[in-house]
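> My questions will all concern the structure given below.
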Amino acid sequence: MGMTQTNILVHGPFEAVQGEGLLLVDPDSATLTDRTLRGVSEGGPALLRARAGTIYRDGGGEPVLQVLGSYFWPGSTGLYRTALSCRALRPCLFPDGETRLVPTLSGISLAWITLSDKGAAGKRTDTSGPLIAEMLHEAGQAGLTRGQIIPDDAALVRALLTDLALTQGFDCIVTTGGTGLGPRDFTPEATCAVLDKRLPGFEAAMLAASLAKTPHGAISRAVAGTLGASIIVNLPGSPKAVRENFAAVLPALRHALDKLQGDPADCAAVATGATR
């Protein structure tokens, strides 16, 4: 899966209310906020790593924390350590001592990115990015959805795609905007610069969906591919085109992620509905 996830031992006492945000850091990390829960990977000094959307459960199997993202946090020795931004899924009280938490995954973690100079400047309301998350929820596949609006900046796109895939571990990263022929349309070039593999089937499905609606779909240059254990998909900028194009690949997304992240099941068995 590109990121080894292990049980963690958190150190109490620590109390959180449902919905509260907190940082999960190792014991050597600096204390920069009072909402810091300390913990270590069980069985060794490994860095705290977890894919976005990971749900940690307690000994009774109850969900306790959901990982929203991963960051590098200053350590007390001057070296940076990893930290997990989390949300409490229910009221919880970690007693004095150690509490074991077990990681589980449920649903697809999605990060959407809207590329728009006007949107980033607050001069235009973005509806395309939220629509991507809405469609994943409608399909019943959403585990965690996050979004952001950034200006048309190729270097920023490359950096953000790399961070979301390799550091934060989102399953699917979808961009909207910048796929045409305008002077500021460079999303495909920025995306190709970081991809490990292209997904020509995804690209062909989206192009076919566009051409079925308008001959102007021929000018779309949207690409799709993989980076680490994540799938990245470019979508056009208009809400109508977002719905048409994302609908073309959404039915294959879960299976594609399963294979990318190491599922050994036979593809033919999955296609015929056999138990995996």
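Labels used: A, B, ... for chains in the order of the structure tokens, numbers from 1 for residues in each chain, and numbers from 1 for ligands as shown.
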If you count only C-alpha atoms, which residues fall within 12 Å of region 96-99 of chain A, apart from same-chain ones fewer than 3 positions away, as a compact mmCIF listing (two decimals) with N, CA and C atoms, in the first residue's frame?

# COMPACT_ATOMS: atom_id res chain seq x y z
N ASN A 7 -0.19 -0.75 14.66
CA ASN A 7 -0.86 -0.34 15.89
C ASN A 7 -0.05 0.77 16.55
N ILE A 8 -0.73 1.62 17.28
CA ILE A 8 -0.02 2.64 18.05
C ILE A 8 -0.40 2.54 19.52
N LEU A 9 0.53 2.94 20.37
CA LEU A 9 0.30 3.01 21.80
C LEU A 9 0.28 4.48 22.19
N VAL A 10 -0.90 4.98 22.59
CA VAL A 10 -1.01 6.39 22.97
C VAL A 10 -0.84 6.50 24.48
N HIS A 11 -0.29 7.63 24.89
CA HIS A 11 0.05 7.85 26.29
C HIS A 11 -0.95 8.82 26.92
N GLY A 12 -1.69 8.34 27.95
CA GLY A 12 -2.61 9.17 28.69
C GLY A 12 -1.93 9.76 29.92
N PRO A 13 -2.68 10.58 30.65
CA PRO A 13 -4.11 10.85 30.45
C PRO A 13 -4.35 11.91 29.37
N PHE A 14 -5.43 11.72 28.61
CA PHE A 14 -5.82 12.67 27.57
C PHE A 14 -7.31 12.50 27.31
N GLU A 15 -8.01 13.63 27.21
CA GLU A 15 -9.46 13.60 27.00
C GLU A 15 -9.80 14.44 25.77
N LEU A 37 -1.66 14.72 21.54
CA LEU A 37 -1.68 13.37 22.10
C LEU A 37 -0.40 12.67 21.69
N ARG A 38 0.28 12.09 22.63
CA ARG A 38 1.57 11.45 22.32
C ARG A 38 1.40 9.94 22.21
N GLY A 39 2.15 9.37 21.26
CA GLY A 39 2.07 7.94 21.06
C GLY A 39 3.25 7.42 20.25
N VAL A 40 3.40 6.10 20.21
CA VAL A 40 4.49 5.46 19.48
C VAL A 40 3.93 4.29 18.69
N SER A 41 4.61 3.93 17.62
CA SER A 41 4.25 2.72 16.88
C SER A 41 4.56 1.50 17.74
N GLU A 42 3.64 0.57 17.80
CA GLU A 42 3.85 -0.62 18.62
C GLU A 42 4.95 -1.49 18.01
N TYR A 56 -8.67 4.72 13.73
CA TYR A 56 -8.07 3.95 14.82
C TYR A 56 -9.18 3.52 15.78
N ARG A 57 -9.14 2.22 16.13
CA ARG A 57 -10.13 1.65 17.03
C ARG A 57 -9.48 1.21 18.33
N ASP A 58 -10.25 1.24 19.40
CA ASP A 58 -9.72 0.84 20.69
C ASP A 58 -9.84 -0.67 20.87
N GLY A 59 -9.52 -1.16 22.06
CA GLY A 59 -9.52 -2.59 22.31
C GLY A 59 -10.88 -3.24 22.16
N GLY A 60 -11.93 -2.45 22.29
CA GLY A 60 -13.28 -2.97 22.12
C GLY A 60 -13.79 -2.89 20.70
N VAL A 64 -12.24 5.48 17.40
CA VAL A 64 -11.84 6.53 18.33
C VAL A 64 -11.35 7.77 17.58
N CYS A 92 -13.81 10.58 24.18
CA CYS A 92 -12.89 9.54 24.61
C CYS A 92 -11.98 10.06 25.72
N LEU A 93 -11.64 9.16 26.60
CA LEU A 93 -10.73 9.45 27.69
C LEU A 93 -9.67 8.36 27.72
N VAL A 102 -5.80 0.37 17.03
CA VAL A 102 -5.58 -0.47 15.85
C VAL A 102 -6.11 0.26 14.62
> Within 10 Å of region 142-152 of chain A, counting only C-alpha atoms, which residues qualify if same-chain residues fewer than 3 places away don't, as a ChimeraX atom specification?
/A:52-55,66-69,105-122,126,129-130,132-139,155-157,160,170-178,184-187
